file run-v4.cif (mmCIF, C-alpha atoms and all ligand atoms)
data_model
loop_
_atom_site.label_atom_id
_atom_site.label_comp_id
_atom_site.auth_asym_id
_atom_site.auth_seq_id
_atom_site.Cartn_x
_atom_site.Cartn_y
_atom_site.Cartn_z
CA MET V 15 8.05 36.62 92.02
CA LYS V 16 7.87 40.40 91.68
CA LYS V 17 6.31 39.82 88.32
CA PHE V 18 3.18 38.42 89.95
CA VAL V 19 2.79 41.43 92.16
CA CYS V 20 2.61 43.50 88.98
CA ALA V 21 0.32 40.87 87.55
CA LEU V 22 -2.03 41.34 90.47
CA LEU V 23 -2.37 45.04 89.80
CA ALA V 24 -2.55 44.64 86.06
CA GLY V 25 -4.86 41.66 86.35
CA VAL V 26 -7.29 43.86 88.16
CA MET V 27 -7.76 45.86 85.01
CA SER V 28 -8.71 42.82 83.00
CA MET V 29 -11.32 41.49 85.42
CA SER V 30 -14.11 43.37 83.70
CA LEU V 31 -13.43 41.23 80.66
CA LEU V 32 -13.66 38.04 82.70
CA ALA V 33 -16.81 39.21 84.39
CA GLY V 34 -18.70 38.78 81.15
CA CYS V 35 -17.72 35.15 80.73
CA GLY V 36 -19.71 33.58 83.58
CA SER V 37 -21.66 30.56 82.47
CA LYS V 38 -24.15 30.73 85.33
CA PRO V 39 -25.67 34.16 85.64
CA THR V 40 -27.44 34.69 88.93
CA GLU V 41 -31.20 34.98 88.65
CA PRO V 42 -32.32 38.02 90.57
CA ASP V 43 -34.26 36.93 93.64
CA ALA V 44 -37.93 37.76 93.12
CA ASN V 45 -38.32 38.30 96.86
CA ALA V 46 -35.43 40.77 97.07
CA PRO V 47 -36.51 44.23 98.11
CA ALA V 48 -36.70 46.66 95.22
CA ASP V 49 -34.35 49.03 97.03
CA GLY V 50 -31.57 46.49 96.58
CA GLY V 51 -31.69 45.21 100.12
CA GLU V 52 -30.23 48.22 101.87
CA ASN V 53 -31.17 49.10 105.42
CA ASN V 54 -32.41 45.60 106.13
CA THR V 55 -29.84 44.78 108.77
CA THR V 56 -31.97 45.29 111.83
CA ALA V 57 -31.39 42.90 114.71
CA GLY V 58 -33.52 39.79 114.46
CA GLU V 59 -33.39 39.70 110.69
CA THR V 60 -31.59 37.28 108.46
CA LEU V 61 -28.03 37.81 107.24
CA ARG V 62 -28.05 36.31 103.76
CA MET V 63 -24.53 35.09 103.05
CA VAL V 64 -23.40 33.72 99.70
CA THR V 65 -20.30 31.66 98.99
CA ASN V 66 -18.87 29.05 96.63
CA ALA V 67 -18.52 25.98 98.83
CA ALA V 68 -15.82 24.11 96.92
CA PHE V 69 -12.93 25.85 98.61
CA ALA V 70 -11.95 23.84 101.70
CA PRO V 71 -11.02 24.70 104.39
CA TYR V 72 -12.70 28.10 103.89
CA GLU V 73 -15.96 26.58 102.69
CA PHE V 74 -17.13 23.10 101.81
CA VAL V 75 -20.30 21.06 102.00
CA ASP V 76 -20.14 18.79 105.05
CA ASP V 77 -21.61 15.29 105.53
CA ASN V 78 -24.98 16.77 106.46
CA GLY V 79 -25.11 18.78 103.26
CA GLU V 80 -24.46 22.03 105.16
CA VAL V 81 -21.92 24.65 104.15
CA ALA V 82 -19.12 24.45 106.74
CA GLY V 83 -15.60 25.79 107.16
CA ILE V 84 -13.78 28.93 108.23
CA ASP V 85 -16.06 31.41 106.46
CA ALA V 86 -19.26 29.72 107.66
CA GLU V 87 -17.98 29.84 111.27
CA ILE V 88 -16.80 33.44 111.02
CA ALA V 89 -20.14 34.45 109.48
CA ALA V 90 -22.02 32.63 112.25
CA ALA V 91 -19.98 34.50 114.87
CA ILE V 92 -20.65 37.82 113.11
CA ALA V 93 -24.39 37.08 112.82
CA GLU V 94 -24.53 36.22 116.50
CA LYS V 95 -22.90 39.55 117.42
CA LEU V 96 -25.41 41.34 115.20
CA GLY V 97 -28.36 39.45 116.66
CA MET V 98 -29.17 38.11 113.21
CA LYS V 99 -30.00 34.69 111.83
CA LEU V 100 -27.45 33.38 109.29
CA GLU V 101 -28.57 31.85 106.01
CA ILE V 102 -25.90 30.53 103.60
CA THR V 103 -26.40 29.98 99.88
CA ASP V 104 -23.85 28.12 97.76
CA MET V 105 -23.37 29.37 94.16
CA ALA V 106 -20.82 29.74 91.37
CA PHE V 107 -17.90 31.97 92.34
CA GLU V 108 -18.53 34.38 89.48
CA SER V 109 -22.16 34.80 90.61
CA LEU V 110 -21.19 36.13 94.04
CA LEU V 111 -20.61 39.77 93.14
CA PRO V 112 -23.78 39.95 90.98
CA ALA V 113 -25.78 38.44 93.89
CA LEU V 114 -24.70 41.30 96.14
CA GLN V 115 -25.26 43.89 93.46
CA SER V 116 -28.79 42.68 92.69
CA GLY V 117 -29.64 42.72 96.39
CA SER V 118 -30.40 39.00 96.58
CA ALA V 119 -27.60 38.60 99.16
CA ASP V 120 -26.26 40.75 102.00
CA ILE V 121 -22.71 39.49 102.38
CA ILE V 122 -20.05 37.38 100.66
CA LEU V 123 -17.57 35.31 102.62
CA ALA V 124 -15.73 33.15 100.10
CA GLY V 125 -12.01 33.41 100.74
CA MET V 126 -12.44 36.39 98.47
CA THR V 127 -9.37 38.48 97.78
CA VAL V 128 -9.65 42.23 98.08
CA ASN V 129 -8.72 43.94 94.84
CA ALA V 130 -9.33 47.26 93.13
CA GLU V 131 -11.57 45.89 90.38
CA ARG V 132 -13.93 44.25 92.86
CA GLN V 133 -13.86 47.38 95.02
CA GLU V 134 -15.58 49.18 92.17
CA SER V 135 -18.69 47.04 92.57
CA VAL V 136 -18.77 46.08 96.28
CA ASP V 137 -17.42 47.30 99.62
CA PHE V 138 -14.96 45.06 101.46
CA THR V 139 -14.82 44.74 105.23
CA ASP V 140 -11.54 44.65 107.11
CA SER V 141 -9.48 41.60 106.22
CA TYR V 142 -9.78 38.48 108.40
CA ALA V 143 -7.26 36.14 106.72
CA LYS V 144 -4.45 35.97 104.20
CA GLY V 145 -3.99 33.86 101.09
CA VAL V 146 -1.19 33.11 98.67
CA GLN V 147 -1.52 31.86 95.11
CA VAL V 148 0.44 28.65 94.55
CA ILE V 149 1.08 26.22 91.71
CA ILE V 150 0.02 22.56 91.91
CA VAL V 151 1.78 20.14 89.53
CA PRO V 152 2.01 16.36 89.21
CA GLU V 153 4.93 14.85 91.14
CA GLY V 154 7.81 14.59 88.68
CA SER V 155 6.62 17.56 86.60
CA GLU V 156 9.32 19.58 84.88
CA ILE V 157 7.57 22.74 86.06
CA ALA V 158 9.56 24.13 88.97
CA GLY V 159 8.27 27.70 89.19
CA PRO V 160 6.10 30.36 87.55
CA ASP V 161 8.53 30.94 84.66
CA ASP V 162 8.15 27.31 83.61
CA LEU V 163 4.43 27.87 83.04
CA ASN V 164 5.21 29.57 79.74
CA GLY V 165 3.73 27.50 76.92
CA LYS V 166 1.85 25.24 79.36
CA GLN V 167 -1.87 24.79 79.97
CA ILE V 168 -2.92 26.15 83.35
CA GLY V 169 -6.14 25.20 85.13
CA VAL V 170 -7.87 27.86 87.25
CA GLN V 171 -11.24 28.50 88.87
CA THR V 172 -13.26 30.93 86.75
CA GLY V 173 -13.14 34.52 87.93
CA THR V 174 -10.61 34.02 90.72
CA THR V 175 -7.42 35.99 91.16
CA GLY V 176 -5.49 32.94 89.92
CA ASP V 177 -7.53 33.21 86.70
CA GLN V 178 -6.73 36.94 86.48
CA TYR V 179 -2.96 36.55 86.89
CA CYS V 180 -2.58 33.64 84.53
CA SER V 181 -4.83 34.85 81.72
CA ASP V 182 -3.29 38.31 81.71
CA THR V 183 -0.91 39.29 78.92
CA PRO V 184 2.78 38.35 79.18
CA GLU V 185 3.64 42.08 79.42
CA ASN V 186 1.59 42.13 82.60
CA GLY V 187 3.20 38.99 83.99
CA GLY V 188 0.52 36.57 82.80
CA PHE V 189 0.58 33.80 80.21
CA GLY V 190 -2.28 34.88 77.96
CA GLU V 191 -5.86 33.72 77.47
CA ASP V 192 -4.80 30.66 75.45
CA ALA V 193 -2.75 29.31 78.35
CA VAL V 194 -5.73 29.14 80.68
CA GLN V 195 -8.43 26.49 81.09
CA ARG V 196 -11.27 27.65 83.34
CA TYR V 197 -13.23 25.35 85.67
CA ASP V 198 -16.24 25.93 87.92
CA ASN V 199 -14.18 25.14 91.00
CA GLY V 200 -10.76 24.06 92.27
CA PRO V 201 -11.55 20.33 92.57
CA LEU V 202 -12.58 20.26 88.88
CA ALA V 203 -9.34 22.01 87.89
CA VAL V 204 -7.40 19.41 89.88
CA ALA V 205 -9.37 16.59 88.24
CA ALA V 206 -8.26 18.01 84.88
CA LEU V 207 -4.66 18.06 86.14
CA LEU V 208 -4.90 14.40 87.15
CA ASN V 209 -6.31 13.58 83.69
CA GLY V 210 -3.45 15.39 81.98
CA GLN V 211 -5.77 18.00 80.44
CA VAL V 212 -3.75 20.78 82.07
CA ASP V 213 -0.10 20.92 83.19
CA ALA V 214 -0.60 22.89 86.39
CA VAL V 215 -3.29 24.45 88.57
CA VAL V 216 -2.98 27.91 90.12
CA ILE V 217 -5.07 28.34 93.26
CA ASP V 218 -4.95 29.70 96.82
CA ASN V 219 -2.58 27.91 99.23
CA GLU V 220 -5.00 26.44 101.77
CA PRO V 221 -7.37 24.89 99.20
CA ALA V 222 -4.23 23.70 97.38
CA LYS V 223 -3.08 21.88 100.52
CA ALA V 224 -6.50 20.26 100.93
CA LEU V 225 -6.61 19.20 97.26
CA VAL V 226 -3.08 17.75 97.29
CA ALA V 227 -3.84 15.86 100.52
CA ALA V 228 -6.99 14.41 98.95
CA ASN V 229 -5.34 13.31 95.69
CA GLU V 230 -2.25 11.20 95.22
CA GLY V 231 0.60 12.16 92.92
CA LEU V 232 0.41 15.93 93.19
CA LYS V 233 2.64 18.52 94.85
CA ILE V 234 2.65 22.24 95.57
CA LEU V 235 5.66 24.20 94.33
CA ASP V 236 7.59 26.16 96.95
CA THR V 237 7.45 29.32 94.94
CA ALA V 238 4.67 31.43 96.42
CA TYR V 239 3.03 34.15 94.37
CA THR V 240 1.75 37.39 95.74
CA ASP V 241 0.10 37.67 99.15
CA GLU V 242 -3.60 38.43 99.21
CA ASP V 243 -6.03 39.66 101.85
CA TYR V 244 -9.35 37.88 102.27
CA ALA V 245 -12.32 39.96 103.36
CA ALA V 246 -16.10 39.83 103.43
CA ALA V 247 -17.95 42.02 100.93
CA VAL V 248 -21.24 43.90 101.23
CA GLN V 249 -23.31 45.82 98.74
CA LYS V 250 -21.62 49.06 97.70
CA GLY V 251 -22.85 51.90 99.86
CA ASN V 252 -24.34 49.66 102.59
CA THR V 253 -22.25 51.43 105.23
CA GLU V 254 -24.71 50.40 107.94
CA LEU V 255 -23.92 46.71 107.48
CA LEU V 256 -20.25 47.39 106.67
CA ASP V 257 -19.74 49.25 109.96
CA LYS V 258 -21.58 46.59 111.96
CA VAL V 259 -19.58 43.75 110.41
CA ASN V 260 -16.30 45.59 110.93
CA ALA V 261 -17.18 46.23 114.57
CA ALA V 262 -18.06 42.55 115.02
CA LEU V 263 -14.83 41.47 113.30
CA GLU V 264 -12.81 43.74 115.56
CA GLU V 265 -14.31 42.15 118.65
CA LEU V 266 -13.88 38.64 117.25
CA LYS V 267 -10.23 39.36 116.50
CA ALA V 268 -9.64 40.91 119.93
CA ASP V 269 -11.20 38.03 121.86
CA GLY V 270 -9.33 35.39 119.85
CA THR V 271 -12.37 33.90 118.10
CA ILE V 272 -11.04 34.47 114.57
CA ASP V 273 -7.65 32.93 115.46
CA GLU V 274 -9.42 29.97 117.04
CA ILE V 275 -11.53 29.35 113.94
CA LEU V 276 -8.49 29.63 111.65
CA ALA V 277 -6.44 27.29 113.86
CA LYS V 278 -9.24 24.72 113.86
CA TYR V 279 -8.96 24.33 110.07
CA ILE V 280 -5.41 25.41 109.21
CA HIS V 281 -2.53 23.25 110.40
CA GLU V 282 0.86 24.54 109.26
N1 LIG K 1 -8.95 34.17 96.69
C1 LIG K 1 -9.34 33.91 95.34
C2 LIG K 1 -10.14 35.05 94.78
O1 LIG K 1 -10.67 35.84 95.51
C3 LIG K 1 -10.12 32.63 95.19
C4 LIG K 1 -11.37 32.54 96.00
C5 LIG K 1 -12.21 31.35 95.64
N2 LIG K 1 -13.20 31.15 96.63
C6 LIG K 1 -14.16 30.20 96.60
N3 LIG K 1 -15.00 30.13 97.60
N4 LIG K 1 -14.25 29.35 95.61
O2 LIG K 1 -10.32 35.19 93.61
#
call {"tool": "encode", "arguments": {"input": "run-v4.cif", "output": "structure tokens"}}
result
Amino acid sequence: MKKFVCALLAGVMSMSLLAGCGSKPTEPDANAPADGGENNTTAGETLRMVTNAAFAPYEFVDDNGEVAGIDAEIAAAIAEKLGMKLEITDMAFESLLPALQSGSADIILAGMTVNAERQESVDFTDSYAKGVQVIIVPEGSEIAGPDDLNGKQIGVQTGTTGDQYCSDTPENGGFGEDAVQRYDNGPLAVAALLNGQVDAVVIDNEPAKALVAANEGLKILDTAYTDEDYAAAVQKGNTELLDKVNAALEELKADGTIDEILAKYIHE
């Protein structure tokens, strides 16, 4: 599994290539302040969060059409501490970083993994959860671990760390561009797996568990990839908001709120 740790680091270098491939560029918000939204975190104002709500249990659209899940609850707790109103917008995963950069959003909570490439364009808060990349295959698949993915078609969500690792070159521990089929979200990648369009899906462990529970005939391989840290992200240089969110997170960790929210959605 060491190979995937290297792949993580190396994959980081190739993200700039992937960043150009998004099919849904974010339209800059006409109402966004021209200064890029900095210094607008005064109490009483709105905390504009963006996410990609096809990543249960971190974020999903509930029966009322609202974005729910771990990240929505953590963001609500943070907003409350900051005396701000929370507004959540659902968008394509690869549009999240551009939304922050253009100033049309204040914060991302999206089960987003901290990595060096992303740190060049946004600032990450302290981590609030961990993730692991896993492989989903059909029951009875001959694929038993990462090495067996050689020569197979792998489904991933566009722009995610799973995409980075898998599409990287073999020298960097990946399987190459041709091995990867990109989908707008995890459920679509899993639908392609059920249709036989791909041989495996690489995705974070908790969404993997939810997807396997919701679909018959699939299993998660025991071989875990590299560990990842999930954190919120704010616009680069917005230290005012970064410090406030980190202070809120510290209190929410200390008083058990974060653990409570995680335990509500994650059952080992
Ligand atoms: N942890 C992975 C990453 O940061 C996947 C996150 C996908 N999140 C989502 N809300 N769809 O790349």
call {"tool": "closest_residue", "arguments": {"input": "run-v4.cif", "among": "V:Tyr244, V:Tyr239, V:Phe189, V:Tyr142", "to": "ligand LIG 1 (chain K)", "atoms": "only C-alpha atoms and all ligand atoms"}}
result
V:Tyr244
call {"tool": "closest_residue", "arguments": {"input": "run-v4.cif", "among": "V:Ala261, V:Val128, V:Val64, V:Ala214", "to": "Gly145 of chain V", "atoms": "all atoms listed in the file"}}
result
V:Val128
call {"tool": "closest_atom_pairs", "arguments": {"input": "run-v4.cif", "of": "chain V", "to": "ligand LIG 1 (chain K)", "cutoff": "8 Å", "atoms": "only C-alpha atoms and all ligand atoms", "output": "tab-separated table"}}
result
residue	atom	partner	partner_atom	distance
V:Thr65	CA	K:LIG1	N3	5.7
V:Asn66	CA	K:LIG1	N3	4.1
V:Ala67	CA	K:LIG1	N3	5.6
V:Ala68	CA	K:LIG1	N4	5.6
V:Phe69	CA	K:LIG1	N4	4.8
V:Tyr72	CA	K:LIG1	N3	7.0
V:Glu73	CA	K:LIG1	N3	6.3
V:Ala106	CA	K:LIG1	N4	7.8
V:Phe107	CA	K:LIG1	N4	5.6
V:Leu123	CA	K:LIG1	N3	7.7
V:Ala124	CA	K:LIG1	N3	4.0
V:Gly125	CA	K:LIG1	N2	4.8
V:Met126	CA	K:LIG1	O1	3.5
V:Thr127	CA	K:LIG1	O1	3.7
V:Val128	CA	K:LIG1	O1	7.0
V:Gly145	CA	K:LIG1	N1	6.6
V:Gln147	CA	K:LIG1	N1	7.9
V:Gln171	CA	K:LIG1	C5	7.4
V:Gly173	CA	K:LIG1	O2	6.4
V:Thr174	CA	K:LIG1	O2	3.1
V:Thr175	CA	K:LIG1	O2	3.9
V:Gly176	CA	K:LIG1	O2	6.5
V:Asp177	CA	K:LIG1	O2	7.7
V:Asn199	CA	K:LIG1	N4	6.2
V:Gly200	CA	K:LIG1	N4	7.2
V:Ile217	CA	K:LIG1	C3	6.9
V:Asp218	CA	K:LIG1	N1	6.0
V:Glu242	CA	K:LIG1	N1	7.3
V:Tyr244	CA	K:LIG1	N1	6.7
call {"tool": "atom_distance", "arguments": {"input": "run-v4.cif", "atom1": "atom CA of Gly169 of chain V", "atom2": "atom CA of Val215 of chain V"}}
result
4.5 Å
call {"tool": "residues_around", "arguments": {"input": "run-v4.cif", "residues": "segment 246-256 of chain V", "least_positions_apart": "4", "cutoff": "9 Å", "atoms": "only C-alpha atoms", "output": "ChimeraX atom specification"}}
result
/V:50-55,85,111,114-117,119-128,133-142,260-261
call {"tool": "closest_residue", "arguments": {"input": "run-v4.cif", "among": "V:Ser155, V:Asn78, V:Thr172, V:Thr183", "to": "Asp198 of chain V", "atoms": "all atoms listed in the file"}}
result
V:Thr172
call {"tool": "atom_distance", "arguments": {"input": "run-v4.cif", "atom1": "atom CA of Pro160 of chain V", "atom2": "atom CA of Leu207 of chain V"}}
result
16.4 Å
call {"tool": "residues_around", "arguments": {"input": "run-v4.cif", "residues": "Val148 of chain V", "least_positions_apart": "3", "cutoff": "8 Å", "atoms": "only C-alpha atoms", "output": "PDB file with C-alpha atoms, in the frame of the given file"}}
result
ATOM      1  CA  VAL V 216      -2.980  27.910  90.120  1.00  0.00           C
ATOM      2  CA  ILE V 217      -5.070  28.340  93.260  1.00  0.00           C
ATOM      3  CA  ASP V 218      -4.950  29.700  96.820  1.00  0.00           C
ATOM      4  CA  ASN V 219      -2.580  27.910  99.230  1.00  0.00           C
ATOM      5  CA  ALA V 222      -4.230  23.700  97.380  1.00  0.00           C
ATOM      6  CA  ILE V 234       2.650  22.240  95.570  1.00  0.00           C
ATOM      7  CA  LEU V 235       5.660  24.200  94.330  1.00  0.00           C
ATOM      8  CA  ASP V 236       7.590  26.160  96.950  1.00  0.00           C
ATOM      9  CA  THR V 237       7.450  29.320  94.940  1.00  0.00           C
ATOM     10  CA  ALA V 238       4.670  31.430  96.420  1.00  0.00           C
ATOM     11  CA  TYR V 239       3.030  34.150  94.370  1.00  0.00           C
TER      12      TYR V 239
END
call {"tool": "residues_around", "arguments": {"input": "run-v4.cif", "residues": "Gly165 of chain V", "least_positions_apart": "2", "cutoff": "12 Å", "atoms": "all atoms listed in the file", "output": "VMD selection string"}}
result
chain V and resid 157 160 to 163 167 to 168 180 184 188 to 194 212 to 214
call {"tool": "write_last_selection", "arguments": {"input": "run-v4.cif", "atoms": "C-alpha atoms", "output": "short mmCIF file (atom, residue, chain, number, x, y, z; two decimals), in the coordinates of the input"}}
result
data_model
loop_
_atom_site.label_atom_id
_atom_site.label_comp_id
_atom_site.auth_asym_id
_atom_site.auth_seq_id
_atom_site.Cartn_x
_atom_site.Cartn_y
_atom_site.Cartn_z
CA ILE V 157 7.57 22.74 86.06
CA PRO V 160 6.10 30.36 87.55
CA ASP V 161 8.53 30.94 84.66
CA ASP V 162 8.15 27.31 83.61
CA LEU V 163 4.43 27.87 83.04
CA GLN V 167 -1.87 24.79 79.97
CA ILE V 168 -2.92 26.15 83.35
CA CYS V 180 -2.58 33.64 84.53
CA PRO V 184 2.78 38.35 79.18
CA GLY V 188 0.52 36.57 82.80
CA PHE V 189 0.58 33.80 80.21
CA GLY V 190 -2.28 34.88 77.96
CA GLU V 191 -5.86 33.72 77.47
CA ASP V 192 -4.80 30.66 75.45
CA ALA V 193 -2.75 29.31 78.35
CA VAL V 194 -5.73 29.14 80.68
CA VAL V 212 -3.75 20.78 82.07
CA ASP V 213 -0.10 20.92 83.19
CA ALA V 214 -0.60 22.89 86.39
#
call {"tool": "atom_distance", "arguments": {"input": "run-v4.cif", "atom1": "atom CA of Tyr179 of chain V", "atom2": "atom CA of Ala224 of chain V"}}
result
21.8 Å
call {"tool": "residues_around", "arguments": {"input": "run-v4.cif", "residues": "Asp273 of chain V", "least_positions_apart": "6", "cutoff": "10 Å", "atoms": "all atoms listed in the file", "output": "MDAnalysis selection string"}}
result
chainID V and resid 142:143 266:267
call {"tool": "closest_residue", "arguments": {"input": "run-v4.cif", "among": "V:Ile102, V:Ala91, V:Val146, V:Leu61", "to": "Gly79 of chain V", "atoms": "all atoms listed in the file"}}
result
V:Ile102
call {"tool": "closest_residue", "arguments": {"input": "run-v4.cif", "among": "V:Glu59, V:Glu131, V:Glu153, V:Asp269", "to": "Lys99 of chain V", "atoms": "all atoms listed in the file"}}
result
V:Glu59
call {"tool": "decode", "arguments": {"input": "run-v4.cif", "residues": "segment 249-258 of chain V", "atoms": "all heavy atoms", "output": "mmCIF file, in the first residue's frame"}}
result
data_model
loop_
_atom_site.group_PDB
_atom_site.id
_atom_site.type_symbol
_atom_site.label_atom_id
_atom_site.label_comp_id
_atom_site.auth_asym_id
_atom_site.auth_seq_id
_atom_site.Cartn_x
_atom_site.Cartn_y
_atom_site.Cartn_z
ATOM 1 N N GLN V 249 -11.146 31.020 1.316
ATOM 2 C CA GLN V 249 -10.376 31.711 0.283
ATOM 3 C C GLN V 249 -8.958 31.977 0.789
ATOM 4 O O GLN V 249 -8.757 32.322 1.950
ATOM 5 C CB GLN V 249 -11.075 33.034 -0.048
ATOM 6 C CG GLN V 249 -10.592 33.651 -1.327
ATOM 7 C CD GLN V 249 -11.435 34.858 -1.717
ATOM 8 O OE1 GLN V 249 -11.775 35.683 -0.867
ATOM 9 N NE2 GLN V 249 -11.768 34.959 -2.976
ATOM 10 N N LYS V 250 -7.990 31.791 -0.089
ATOM 11 C CA LYS V 250 -6.594 31.997 0.294
ATOM 12 C C LYS V 250 -6.394 33.415 0.817
ATOM 13 O O LYS V 250 -6.819 34.378 0.202
ATOM 14 C CB LYS V 250 -5.682 31.753 -0.910
ATOM 15 C CG LYS V 250 -4.262 31.551 -0.491
ATOM 16 C CD LYS V 250 -3.500 30.608 -1.408
ATOM 17 C CE LYS V 250 -2.198 30.170 -0.775
ATOM 18 N NZ LYS V 250 -2.373 29.431 0.483
ATOM 19 N N GLY V 251 -5.801 33.509 1.988
ATOM 20 C CA GLY V 251 -5.530 34.822 2.569
ATOM 21 C C GLY V 251 -6.649 35.349 3.457
ATOM 22 O O GLY V 251 -6.477 36.373 4.119
ATOM 23 N N ASN V 252 -7.790 34.661 3.515
ATOM 24 C CA ASN V 252 -8.885 35.111 4.387
ATOM 25 C C ASN V 252 -8.614 34.600 5.804
ATOM 26 O O ASN V 252 -9.314 33.736 6.326
ATOM 27 C CB ASN V 252 -10.239 34.631 3.858
ATOM 28 C CG ASN V 252 -11.407 35.304 4.586
ATOM 29 O OD1 ASN V 252 -11.210 36.006 5.586
ATOM 30 N ND2 ASN V 252 -12.610 35.087 4.084
ATOM 31 N N THR V 253 -7.560 35.135 6.413
ATOM 32 C CA THR V 253 -7.149 34.656 7.741
ATOM 33 C C THR V 253 -8.194 34.991 8.796
ATOM 34 O O THR V 253 -8.301 34.295 9.799
ATOM 35 C CB THR V 253 -5.797 35.266 8.158
ATOM 36 O OG1 THR V 253 -5.850 36.674 7.935
ATOM 37 C CG2 THR V 253 -4.663 34.677 7.344
ATOM 38 N N GLU V 254 -8.975 36.045 8.555
ATOM 39 C CA GLU V 254 -10.012 36.407 9.525
ATOM 40 C C GLU V 254 -11.000 35.248 9.686
ATOM 41 O O GLU V 254 -11.265 34.784 10.789
ATOM 42 C CB GLU V 254 -10.747 37.668 9.058
ATOM 43 C CG GLU V 254 -11.688 38.205 10.118
ATOM 44 C CD GLU V 254 -12.793 39.111 9.570
ATOM 45 O OE1 GLU V 254 -12.733 39.496 8.386
ATOM 46 O OE2 GLU V 254 -13.718 39.396 10.339
ATOM 47 N N LEU V 255 -11.511 34.773 8.546
ATOM 48 C CA LEU V 255 -12.475 33.663 8.604
ATOM 49 C C LEU V 255 -11.783 32.364 9.032
ATOM 50 O O LEU V 255 -12.325 31.590 9.824
ATOM 51 C CB LEU V 255 -13.162 33.487 7.233
ATOM 52 C CG LEU V 255 -14.219 32.390 7.172
ATOM 53 C CD1 LEU V 255 -15.342 32.618 8.190
ATOM 54 C CD2 LEU V 255 -14.822 32.292 5.762
ATOM 55 N N LEU V 256 -10.571 32.142 8.516
ATOM 56 C CA LEU V 256 -9.834 30.923 8.868
ATOM 57 C C LEU V 256 -9.667 30.817 10.387
ATOM 58 O O LEU V 256 -9.946 29.765 10.978
ATOM 59 C CB LEU V 256 -8.460 30.937 8.178
ATOM 60 C CG LEU V 256 -7.624 29.672 8.350
ATOM 61 C CD1 LEU V 256 -8.236 28.522 7.548
ATOM 62 C CD2 LEU V 256 -6.181 29.909 7.890
ATOM 63 N N ASP V 257 -9.232 31.906 11.009
ATOM 64 C CA ASP V 257 -9.007 31.890 12.464
ATOM 65 C C ASP V 257 -10.306 31.659 13.218
ATOM 66 O O ASP V 257 -10.344 30.911 14.193
ATOM 67 C CB ASP V 257 -8.369 33.209 12.921
ATOM 68 C CG ASP V 257 -6.940 33.352 12.400
ATOM 69 O OD1 ASP V 257 -6.388 32.353 11.896
ATOM 70 O OD2 ASP V 257 -6.384 34.468 12.492
ATOM 71 N N LYS V 258 -11.388 32.319 12.753
ATOM 72 C CA LYS V 258 -12.676 32.150 13.427
ATOM 73 C C LYS V 258 -13.179 30.711 13.320
ATOM 74 O O LYS V 258 -13.690 30.148 14.277
ATOM 75 C CB LYS V 258 -13.726 33.077 12.808
ATOM 76 C CG LYS V 258 -13.594 34.526 13.186
ATOM 77 C CD LYS V 258 -14.794 35.267 12.593
ATOM 78 C CE LYS V 258 -14.690 36.759 12.791
ATOM 79 N NZ LYS V 258 -15.793 37.455 12.109
#
